[in-house]
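Step one of this worksheet: look at the structure below.
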Amino acid sequence: MRKWLAAMLLLGFHGIAAAAISSYQFDTAEQEARFNQLSQELRCLVCQNQNLADSNAGLALDLRRQIHEMILAGKTDADIVNFMTERYGDFVLYRPPLRGSTLVLWVGPFLLLLGGAVVLTLIVRRRMAAGEEAPLSDEERQRLETMVRERGEKQ
Amino acid sequence: MKMRYLIPLVIFAALVGLFAVGLRLDPRAVPSPLIDKPAPAFALPQLHSPETTLGRADLMQNKVSLFNVWASWCVACRQEHPFLMQLSRGGEVPIYGLNYKDERADALAWLQRHGNPYRASAFDYEGRVGIDWGVYGVPETFVVDAQGTIRYKHIGPLTPQVWRDTIQPIVHQLQGKTS
Amino acid sequence: MLPELGHYALILALCLAVVQGIVPLAGAARGVDNWMALARPVAWGQFLLLLLSFAILSYAFVSNDFSVAYAARNSNSLLPAIYRFSAVWGGHEGSLLLWALLLAGWGAAVGLFSRRLPQVMVARVLGVMGLVSIGFLSFLIFTSNPFERLWPIPADGRDLNPLLQDPGLVMHPPMLYMGYVGFSVAFAFAIAALLGGRLDATWARWSRPWTTVAWVFMTVGIALGSWWAYYELGWGGWWFWDPVENASFMPWLMGTALIHSLAVAEKRSAFKNWTVLLAIFTFSLSLLGTFLVRSGVLTSVHAFASDPRRGVFILLLLAVVVGASLLIYAWRAPQVKSTGHFALVSRETMLLGNNVFLVVATASILLGTLYPLVLDALNMGKISVGPPYFNSVFVPLMVPLAFMIGVGPLTRWKEDHVGRLQHVLRATLAASIAVGALLPWLLFRSWAPMAMLGSVLVVWIAATTLLDLRNLTRHSPSLWQGMRRQSRSFYGMVAAHLGVAVTVAGVTLSSHYSLEHDIRLAPGETFVMGEHSFVFDGISNHRGPNYDASRATLRVLKDEREVTVLHTEKRSYTVTGMPMTEAGIDWGLTRDLYVALGEPLGDGAWAVRLYYKPFVRWIWLGAMLMALGGILAASDRRYRLARKAAQEGTGVATGSVAS
């Protein structure tokens, strides 16, 4: 264990090598789908950044067993998620709940898109109003003149 | 009007500030939602005497107590162990143990070799009580007050420094309240 | 002795980088020809020194010189030779040296292929790249020396992480780094243009092929990484929205926006300020990625073992490079006048729209990646932001963009009319909706709405792209002649857009119609999944060069006929003791069959994971098409002509050294 831990810490990448495969039995296919969904959306706390489904850590195995038992006991997804957050906090949820502190996270992208649309409209308006084929800028004209002149001198 | 060209720079400066703060944070330490909540009830066989159970009430009867999660397979537990021994000899605060996902024989041998700082250890073979207490990285140490409320959780090995700077003041304050 | 030589070469390269970062820029500012002329030879010298340094480090690995601490940490004498070589970039120090080497390599290439560029421009571009080099080389030398010696010399090394002992991972980091670092060229061109006040169509034309080539490398690098994750991790997933993946995806998205924006800057001389800003952003995001991966501020599967000193150093580097460039931008950009008129309905507006979606998508990924850090810094609790968030934000942004891929290329520059577009596209749109909506039903007997939406978009992109090709060749005497008349960059666009369609098809179909089962199998047992039966023939033990493995054999039958025999292994690596799963995959164009071996469950039974993944290959096939598109676009002959023109025009103006 210690050797393995040391290897994990010292090597560049952290150990995630072996696939986590459990062979739980379910009564219905719907239960199995719920199990897969839940264990993919819950985070393994001991791991670096892995969900419960992909992790082989001891705690991940225990929590998968817990989810399996709760599903078979007829608990809803909300019950199971509550069970996890009561013990480990919002950190276990890969889908952060919408609340005051996460408002910017969830609304942000749509505000950004709105902002992008406003900027786009402004730019397009300005360009629509701009003169047809604007002439060279002063600077560009000056440079063109220099180029022509120098070329002439050279030839 | 030209100010708008400075917008990217301002946003970037804010990001750098964020990263500077972020470098001093530990992304792996997850605060427990159980702080200031009643400690989860449990009843487990004791490590030394499987017929006797250890439960939440046993922690409370001794006023403020420490509940230390440990295992013989845990490397960092070795590191904090001498300090736990010292703390237990001082008698300042009773220490209870949660032997987490361990083999009984291994755990007993480990205590035999390194000394036993615990009043008693609960034997959590399947790790279910660990889940109820939100344990994710051994060792962990909970401060439980006389009413059975969790007041503080320390993740990682307990060091004299952590004790002096953080946990001891909390324990003293809680003990002051109850006596 | 040799490692010390490598160290000296590194230090000497830093000295040259200092010269490269100061003298040519000063020369450009004061108009001193000789100072400017120094840029090229110094850039080449820096590259050769770093090449020497890298070769020496590689030699230490290949020859098992474990007196070099970095080699002792990341290699082992039992490691096959090819992995001993790729282990050079398996850890922090070596991969950083590779970064620096590739940066110098891009600089050397700019020096080589820019003979026709005005000397001032070359001096400024290489100067800026030299400045970036100074940052990375001092980072390397002062915090992460790969040549540090170890005493006493260990008998053997600690071995390379087994995950990295894979052909896919031999190529993935160099490709990705070529992309990250390649964007420094676009960045340097942008800064050079700002410094020189020369922000025009010629600038856009010069930096376009460089940007495209960097983008190609990045595309290939990301695709390789995703493919590797798919077959090597044994989870069958190909994208996890991990911070490190995001760190490479953000510059890629921004680079994609940049490529499109450069097209407008070149053809229509519009959006120049915006394009420059995009070039700065793209490279800044590359640097940000490096910071996120190597500083330890975020938890990630791939994180390098981090050291706080390195975090501080690279944050400073980031602050200086990006801060300075944004300052130059704020100072110079207001003087650039955008010219050109275009209407609401025009190619320009469409490309601007493309930029809005890509930039908003990038910003959203950045928001999601950094949000846990923000909350933590404000002491507002710890949260995780994972795939459910990114998928629900990213997909809605990509749907309108995918629709625009169909309309954009058919829209005329400057001014077009909704009526004309409607007329041209009406039939294609109707057909795409009809065919696309039916496809999931035809293939999988399913009416899942998101799958239908995805497949409509796939058909739409493919159909409009072909329509564009047809419209352009309609007036030629024959299709062949018409097709020959189109430029390579046009075919580049066609290939890249078709690539998007292929990738979207792969993502849509594999994510909706995959079958997955984790089961317990004893030898001789059969499991039926969909149309396939998997027969477990049992386990044999087998020994590799540096690992022991249990190898499971599964026969796959379909309609009583054997389709394939799959082998999957559970390995235990001797040195690190790390367990590893080698998946067994039968790949096909329309489906992959995938098995992975788990733990033994007693009585000879094993936990086994079975997958049926339809069209999953298309995800990477599409990426390869996009990369091919980039290669075609970058090799367009007009860039070669452009250089010739530049030589005749400005080469004379700036003196005779350039030619």
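Letters A, B, ... go to the chains of the structure tokens in the order shown; residues in each chain start at 1; ligands are counted from 1 in the same order.
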**OP:** Could you tell me, as a PyMOL selection string, which residues of chain B DSSP assigns to helix (DSSP H, G or I) when given the backbone?
**Re:** chain B and resi 2-22+56-60+75-90+104-114+128-132+160-178
Skip Leu425 of chain C itself and residues of its chain fewer than 2 positions away, then list as a PDB file with C-alpha atoms, in the first residue's frame all residues within 10 Å of it, counting only C-alpha atoms.
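Just written: result_32.pdb:
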```pdb
ATOM      1  CA  GLY C 406     -24.236  25.174 -42.965  1.00  0.00           C
ATOM      2  CA  VAL C 407     -25.261  28.757 -43.706  1.00  0.00           C
ATOM      3  CA  LEU C 410     -22.907  29.915 -48.607  1.00  0.00           C
ATOM      4  CA  GLY C 419     -34.463  35.801 -49.613  1.00  0.00           C
ATOM      5  CA  ARG C 420     -31.557  34.478 -51.658  1.00  0.00           C
ATOM      6  CA  LEU C 421     -30.280  32.303 -48.831  1.00  0.00           C
ATOM      7  CA  GLN C 422     -33.750  30.949 -48.259  1.00  0.00           C
ATOM      8  CA  HIS C 423     -34.035  30.143 -51.905  1.00  0.00           C
ATOM      9  CA  ALA C 427     -34.702  22.341 -50.105  1.00  0.00           C
ATOM     10  CA  THR C 428     -31.495  21.273 -48.324  1.00  0.00           C
ATOM     11  CA  LEU C 429     -32.913  22.238 -44.955  1.00  0.00           C
ATOM     12  CA  ALA C 430     -36.122  20.300 -45.530  1.00  0.00           C
ATOM     13  CA  ALA C 431     -34.194  17.260 -46.752  1.00  0.00           C
ATOM     14  CA  ALA C 463     -25.425  18.507 -47.269  1.00  0.00           C
ATOM     15  CA  THR C 464     -24.714  22.250 -47.237  1.00  0.00           C
ATOM     16  CA  LEU C 467     -24.107  22.091 -51.943  1.00  0.00           C
TER      17      LEU C 467
END
```
**OP:** Find the spatial neighbours of segment 62-75 of chain C, counting only C-alpha atoms, within a cut-off of 6 Å - ignore same-chain residues fewer than 2 positions away - and output them as a ChimeraX atom specification.
**Re:** /C:59-60,77,84-85,146-150,153,157-160
Go through chain B and flag each residue having an atom no more than 10 Å from chain A; for those, report the closest pair of atoms plus their distance in Å to one decimal, using only C-alpha atoms, ordered by chain and rising number, as CSV.
```
residue,atom,partner,partner_atom,distance
B:Pro27,CA,A:Gln48,CA,9.7
B:Arg28,CA,A:Gln48,CA,8.1
B:Ala29,CA,A:Leu45,CA,9.5
B:Val30,CA,A:Phe91,CA,7.2
B:Pro31,CA,A:Gly89,CA,7.6
B:Ser32,CA,A:Tyr88,CA,6.1
B:Pro33,CA,A:Gly89,CA,5.3
B:Leu34,CA,A:Arg87,CA,6.7
B:Pro40,CA,A:Arg87,CA,9.7
B:Trp73,CA,A:Met1,CA,7.5
B:Cys74,CA,A:Arg2,CA,8.3
B:Val75,CA,A:Arg2,CA,6.6
B:Ala76,CA,A:Arg2,CA,9.8
B:Lys101,CA,A:Gly58,CA,8.9
B:Glu126,CA,A:Asp62,CA,7.9
B:Gly127,CA,A:Asp62,CA,7.3
B:Arg128,CA,A:Asp62,CA,7.8
B:Gly130,CA,A:Leu59,CA,9.3
B:Ile131,CA,A:Arg87,CA,7.1
B:Asp132,CA,A:Arg87,CA,6.2
B:Trp133,CA,A:Arg87,CA,6.4
B:Gly134,CA,A:Arg87,CA,4.6
B:Val135,CA,A:Tyr88,CA,8.1
B:Tyr136,CA,A:Val46,CA,6.0
B:Gly137,CA,A:Val46,CA,6.4
B:Val138,CA,A:Val46,CA,9.8
```
**OP:** Excluding Leu466 of chain C and residues on its chain fewer than 3 positions from it, collect all residues at most 12 Å away from it, counting only C-alpha atoms, and give them as a ChimeraX atom specification.
**Re:** /C:406,409-410,425,428,459-463,469-473,483,490-491,493-495,497-498
Selection from above, C-alpha atoms, as a PDB file, in the first residue's frame, can you write it?
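Result file selection18.pdb:
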```
ATOM      1  CA  GLY C 406     -24.236  25.174 -42.965  1.00  0.00           C
ATOM      2  CA  PRO C 409     -19.946  29.353 -46.263  1.00  0.00           C
ATOM      3  CA  LEU C 410     -22.907  29.915 -48.607  1.00  0.00           C
ATOM      4  CA  LEU C 425     -31.064  26.489 -48.706  1.00  0.00           C
ATOM      5  CA  THR C 428     -31.495  21.273 -48.324  1.00  0.00           C
ATOM      6  CA  VAL C 459     -26.865  15.743 -42.343  1.00  0.00           C
ATOM      7  CA  TRP C 460     -27.297  19.511 -42.552  1.00  0.00           C
ATOM      8  CA  ILE C 461     -23.554  20.243 -42.310  1.00  0.00           C
ATOM      9  CA  ALA C 462     -22.682  17.521 -44.814  1.00  0.00           C
ATOM     10  CA  ALA C 463     -25.425  18.507 -47.269  1.00  0.00           C
ATOM     11  CA  LEU C 469     -19.067  22.661 -53.691  1.00  0.00           C
ATOM     12  CA  ARG C 470     -21.732  22.053 -56.333  1.00  0.00           C
ATOM     13  CA  ASN C 471     -22.644  25.730 -56.596  1.00  0.00           C
ATOM     14  CA  LEU C 472     -19.032  26.701 -57.098  1.00  0.00           C
ATOM     15  CA  THR C 473     -18.453  24.154 -59.836  1.00  0.00           C
ATOM     16  CA  MET C 483     -13.314  21.074 -58.764  1.00  0.00           C
ATOM     17  CA  PHE C 490     -11.499  25.888 -49.914  1.00  0.00           C
ATOM     18  CA  TYR C 491     -11.048  22.124 -49.722  1.00  0.00           C
ATOM     19  CA  MET C 493     -12.710  24.256 -45.178  1.00  0.00           C
ATOM     20  CA  VAL C 494     -14.788  21.490 -46.768  1.00  0.00           C
ATOM     21  CA  ALA C 495     -12.750  18.779 -45.045  1.00  0.00           C
ATOM     22  CA  HIS C 497     -16.526  21.131 -41.760  1.00  0.00           C
ATOM     23  CA  LEU C 498     -17.224  17.565 -42.851  1.00  0.00           C
TER      24      LEU C 498
END
```
Quick one: residues within 8 Å of Asp106 of chain B, only C-alpha atoms counted, chain neighbours fewer than 4 positions away excluded, as an mmCIF file with N, CA and C atoms, in the first residue's frame?
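And here is the file that came out, out_13.cif:
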```
data_model
loop_
_atom_site.group_PDB
_atom_site.id
_atom_site.type_symbol
_atom_site.label_atom_id
_atom_site.label_comp_id
_atom_site.auth_asym_id
_atom_site.auth_seq_id
_atom_site.Cartn_x
_atom_site.Cartn_y
_atom_site.Cartn_z
ATOM 1 N N SER B 72 -4.779 0.212 10.595
ATOM 2 C CA SER B 72 -3.388 -0.267 10.621
ATOM 3 C C SER B 72 -2.738 -0.137 9.244
ATOM 4 N N ASP B 102 -10.581 -2.297 8.649
ATOM 5 C CA ASP B 102 -9.336 -2.936 9.034
ATOM 6 C C ASP B 102 -9.632 -4.391 9.405
ATOM 7 N N TRP B 110 -1.250 -3.874 15.747
ATOM 8 C CA TRP B 110 -0.721 -2.519 15.528
ATOM 9 C C TRP B 110 -0.707 -1.745 16.843
#
```
Within 6 Å of chain C, which residues belong to chain B? Use only C-alpha atoms and report them as a PDB file with N, CA and C atoms, in the first residue's frame.
```pdb
ATOM      1  N   TYR B   5     -10.635  49.228 -24.193  1.00  0.00           N
ATOM      2  CA  TYR B   5      -9.480  48.398 -24.546  1.00  0.00           C
ATOM      3  C   TYR B   5      -8.757  47.859 -23.314  1.00  0.00           C
ATOM      4  N   LEU B   6      -9.092  48.450 -22.167  1.00  0.00           N
ATOM      5  CA  LEU B   6      -8.453  47.992 -20.934  1.00  0.00           C
ATOM      6  C   LEU B   6      -9.222  46.844 -20.282  1.00  0.00           C
ATOM      7  N   LEU B   9      -7.488  43.495 -19.832  1.00  0.00           N
ATOM      8  CA  LEU B   9      -6.416  43.562 -18.837  1.00  0.00           C
ATOM      9  C   LEU B   9      -6.988  43.503 -17.428  1.00  0.00           C
ATOM     10  N   GLY B  22      -5.568  31.219  -4.811  1.00  0.00           N
ATOM     11  CA  GLY B  22      -5.773  29.787  -5.008  1.00  0.00           C
ATOM     12  C   GLY B  22      -4.547  28.957  -4.699  1.00  0.00           C
ATOM     13  N   LEU B  23      -3.361  29.515  -4.950  1.00  0.00           N
ATOM     14  CA  LEU B  23      -2.127  28.768  -4.699  1.00  0.00           C
ATOM     15  C   LEU B  23      -1.970  28.449  -3.224  1.00  0.00           C
TER      16      LEU B  23
END
```
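Taking atom CA of Ser269 of chain C as the reference point, atom CA of Ala108 of chain C is found at 28.9 Å.
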**OP:** Please provide as a list in words all residues within 10 Å of Gln37 of chain A, with the sequence filter that same-chain residues fewer than 6 positions apart are discarded (counting only C-alpha atoms).
**Re:** Gln31, Ala53 and Asp77 of chain A
For the residues selected in the previous step, produce a file with C-alpha atoms as a PDB file, in the first residue's frame.
```pdb
ATOM      1  CA  GLN A  31     -32.575   0.397 -11.625  1.00  0.00           C
ATOM      2  CA  ALA A  53     -18.247   4.709 -11.307  1.00  0.00           C
ATOM      3  CA  ASP A  77     -32.486   9.495  -6.654  1.00  0.00           C
TER       4      ASP A  77
END
```
**OP:** Write out as a list in words the residues lying within 8 Å of Ser39 of chain A, counting only C-alpha atoms and excluding same-chain residues fewer than 5 positions away.
**Re:** Asn51, Leu52, Ala53, Arg64 and Ile67 of chain A
Using only N, CA and C atoms, please write the residues we just selected to a file, as an mmCIF file, in the first residue's frame.
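Output file selection18.cif is given in full below:
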```
data_model
loop_
_atom_site.group_PDB
_atom_site.id
_atom_site.type_symbol
_atom_site.label_atom_id
_atom_site.label_comp_id
_atom_site.auth_asym_id
_atom_site.auth_seq_id
_atom_site.Cartn_x
_atom_site.Cartn_y
_atom_site.Cartn_z
ATOM 1 N N ASN A 51 -15.277 10.108 -10.894
ATOM 2 C CA ASN A 51 -16.584 9.810 -10.335
ATOM 3 C C ASN A 51 -16.532 8.440 -9.653
ATOM 4 N N LEU A 52 -17.621 8.115 -8.966
ATOM 5 C CA LEU A 52 -17.644 6.848 -8.235
ATOM 6 C C LEU A 52 -17.579 5.661 -9.191
ATOM 7 N N ALA A 53 -18.176 5.828 -10.371
ATOM 8 C CA ALA A 53 -18.247 4.709 -11.307
ATOM 9 C C ALA A 53 -16.863 4.287 -11.778
ATOM 10 N N ARG A 64 -20.529 2.877 -3.796
ATOM 11 C CA ARG A 64 -21.299 2.195 -4.843
ATOM 12 C C ARG A 64 -22.190 1.132 -4.207
ATOM 13 N N ILE A 67 -25.117 2.920 -2.752
ATOM 14 C CA ILE A 67 -26.107 3.318 -3.764
ATOM 15 C C ILE A 67 -26.912 2.100 -4.204
#
```
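Among the candidates C:Arg609, C:His260, C:Arg426, C:Arg30, the one nearest to chain A when counting only C-alpha atoms is C:Arg609.
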Original post:
Any idea what the distance is between atom CA of Trp238 of chain C and atom CA of Met254 of chain C?
Top reply: 21.3 Å
**OP:** Find the distance between atom CA of Thr290 of chain C and atom CA of Gly221 of chain C and write it in Å to one decimal.
**Re:** 15.1 Å
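In this comparison, which uses only C-alpha atoms, the residue of A:Arg65, A:Leu42, A:Val81, A:Ser23 approaching chain C most closely is A:Ser23.
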